[in-house]
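S.K.: Could you have a look at this structure, given as structure tokens, before my questions?
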Amino acid sequence: MKNTRLSLILGLAAAAAGAVTVSAQTTTPPPAAATPPAAAPAPAAADAAPSASVTFTPAFATQYMFRGSRLDGPSLEPTIEYDNGNFALGVWSNIPLADKVPGQSDPEIDPYGSYKFEVIKDTLSIQPGFTLYTYPNAVRANGFYKLTFEPNVALNYSVAGFTLSPKVYYDMVLKGATWEFNAAYTVPLKDAGTELDFAGTIGTYLLTDAVPDVTPEVKTWANYYLIGVSMPFSFGKDGSAGKLVIGLAYTKGSDSYFKQGTDPKVINSGAVGRGVATISYAFTF
């Protein structure tokens with residue numbers, strides 16, 4: 001890879017140092033973001049047939065951060081998802097509105113899916129899934145992949161109101177793994193007709209082919225964490241008129257670098273700490 005190409009990629013990473021939600025482009029690991037695709041629904045009751053539904057969720061985020069790296073500023077992040085029992089299939093997308101990071105492809109459109117296998121009812125499950133990260137306007141000659149594919153598998157364990165979910169991802173294009181540990185806890189607010197949903201994530205990744213068509217390959221690695229809380233409000237009987245969710249989170253990347261061959265490692269300036277506010281409204285049909 002020519003030094004001019006590496007300078008361009010590092011320049012884009014430095015420009016990223018101003019927003020909060022992250023994508024699966026070459027300068028950062030693939031998304032799951034501060035705003036990841038929705039998880040598979042809770043399992044249907046044993047004595048009831050699985051019910052199929054489609055949920056459309058318009059959403060807005062004040063920053064687009066992914067695994068501790070900043071990709072864009074204020075963004076629309078609509079999702080549409082089909083659910084049937086423990087099976088989920090959907091499409092998540094990010095459309096930046098302002099404060100765009102120079103060189104990032106726009107928009108990002110990510111089909112995803114998962115299936116939850118119950119091991120112990122309401123307690124332990126295994127959930128394999130995948131995300132296909134796509135960037136229709138990405139320019140490969142500028143150092144961006146048009147798509148990457150990331151299978152994943154999670155182990156979900158619920159105890160005493162907590163849900164603990166270690167999860168591993170492997171990107172087949174960027175050639176590397178991401179390891180995460182997720183925790184969630186819900187505090188009911190019965191008098192207010194809602195709840196507080198707390199969530200936390202810590203993770204680390206190492207990708208060995210972060211930039212296309214270069215020799216030697218460019219590695220990138222980092223650690224990251226996210227802490228957040230959200231509050232849902234349902235409208236109509238059993239949420240028939242939709243659900244509004246307001247959320248706040250803080251996410252940060254650290255020890256994030258690029259390295260090509262025997263050259264010295266270079267810090268990824270896009271790995272920053274940012275607060276993110278989100279609002280969404282889900283309609284289920």
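Going by the structure tokens order, chains are called A, B, ..., each with residues numbered from 1, while ligands are numbered from 1 in the order shown.
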Restrict the calculation to only C-alpha atoms, then for each residue of region 74-120 of chain A with any atom at most 10 Å from an atom of region 140-157 of chain A give the closest atom pair and their distance in Å to one decimal, rows by chain and rising residue number, as a tab-separated table.
M.R.:
residue	atom	partner	partner_atom	distance
A:Gly103	CA	A:Asn142	CA	8.0
A:Gln104	CA	A:Phe144	CA	8.1
A:Ser105	CA	A:Phe144	CA	8.0
A:Glu108	CA	A:Leu147	CA	9.5
A:Ile109	CA	A:Leu147	CA	9.5
A:Asp110	CA	A:Leu147	CA	9.2
A:Pro111	CA	A:Phe149	CA	9.9
A:Tyr112	CA	A:Glu150	CA	9.4
A:Gly113	CA	A:Pro151	CA	9.5
A:Ser114	CA	A:Val153	CA	8.8
A:Tyr115	CA	A:Val153	CA	9.7
A:Lys116	CA	A:Ala154	CA	9.2
A:Phe117	CA	A:Leu155	CA	9.8
A:Glu118	CA	A:Asn156	CA	9.5
A:Val119	CA	A:Asn156	CA	9.8
A:Ile120	CA	A:Tyr157	CA	9.2
S.K.: Tell me which protein, DNA and RNA residues are within 12 Å of Asp209 (chain A), counting only C-alpha atoms, leaving out same-chain ones fewer than 3 positions away, and put them as number ranges by chain.
M.R.: A: 1, 25-29, 143-145, 148, 171-177, 206, 212-221, 258-261
S.K.: Grab the CA of Leu71 (chain A) to CA of Val272 (chain A) distance for me, in Å with one decimal place.
M.R.: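 Going from CA of Leu71 (chain A) over to CA of Val272 (chain A) covers 10.6 Å.
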S.K.: For CA of Gly270 (chain A) and CA of Leu226 (chain A), quote the distance in Å rounded to one decimal.
M.R.: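 Separation of CA of Gly270 (chain A) and CA of Leu226 (chain A): 15.7 Å.
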S.K.: May I ask which of the residues A:Pro188, A:Gly239, A:Pro264, A:Pro74 is the closest one to Thr62 (chain A), counting only C-alpha atoms?
M.R.: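 Of A:Pro188, A:Gly239, A:Pro264, A:Pro74, the one nearest Thr62 (chain A) is A:Pro74, counting only C-alpha atoms.
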S.K.: Which of these, A:Phe87, A:Phe130, A:Phe60, A:Phe198, has the shortest distance to Ile279 (chain A) once you count only C-alpha atoms?
M.R.: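 Checking each of A:Phe87, A:Phe130, A:Phe60, A:Phe198 against Ile279 (chain A), counting only C-alpha atoms, the winner is A:Phe60.
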S.K.: Given the choices A:Pro232, A:Pro96, A:Gly90, A:Pro107, which gets closest to Leu132 (chain A) if the distance is worked out from only C-alpha atoms?
M.R.: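 The closest residue to Leu132 (chain A) is A:Gly90.
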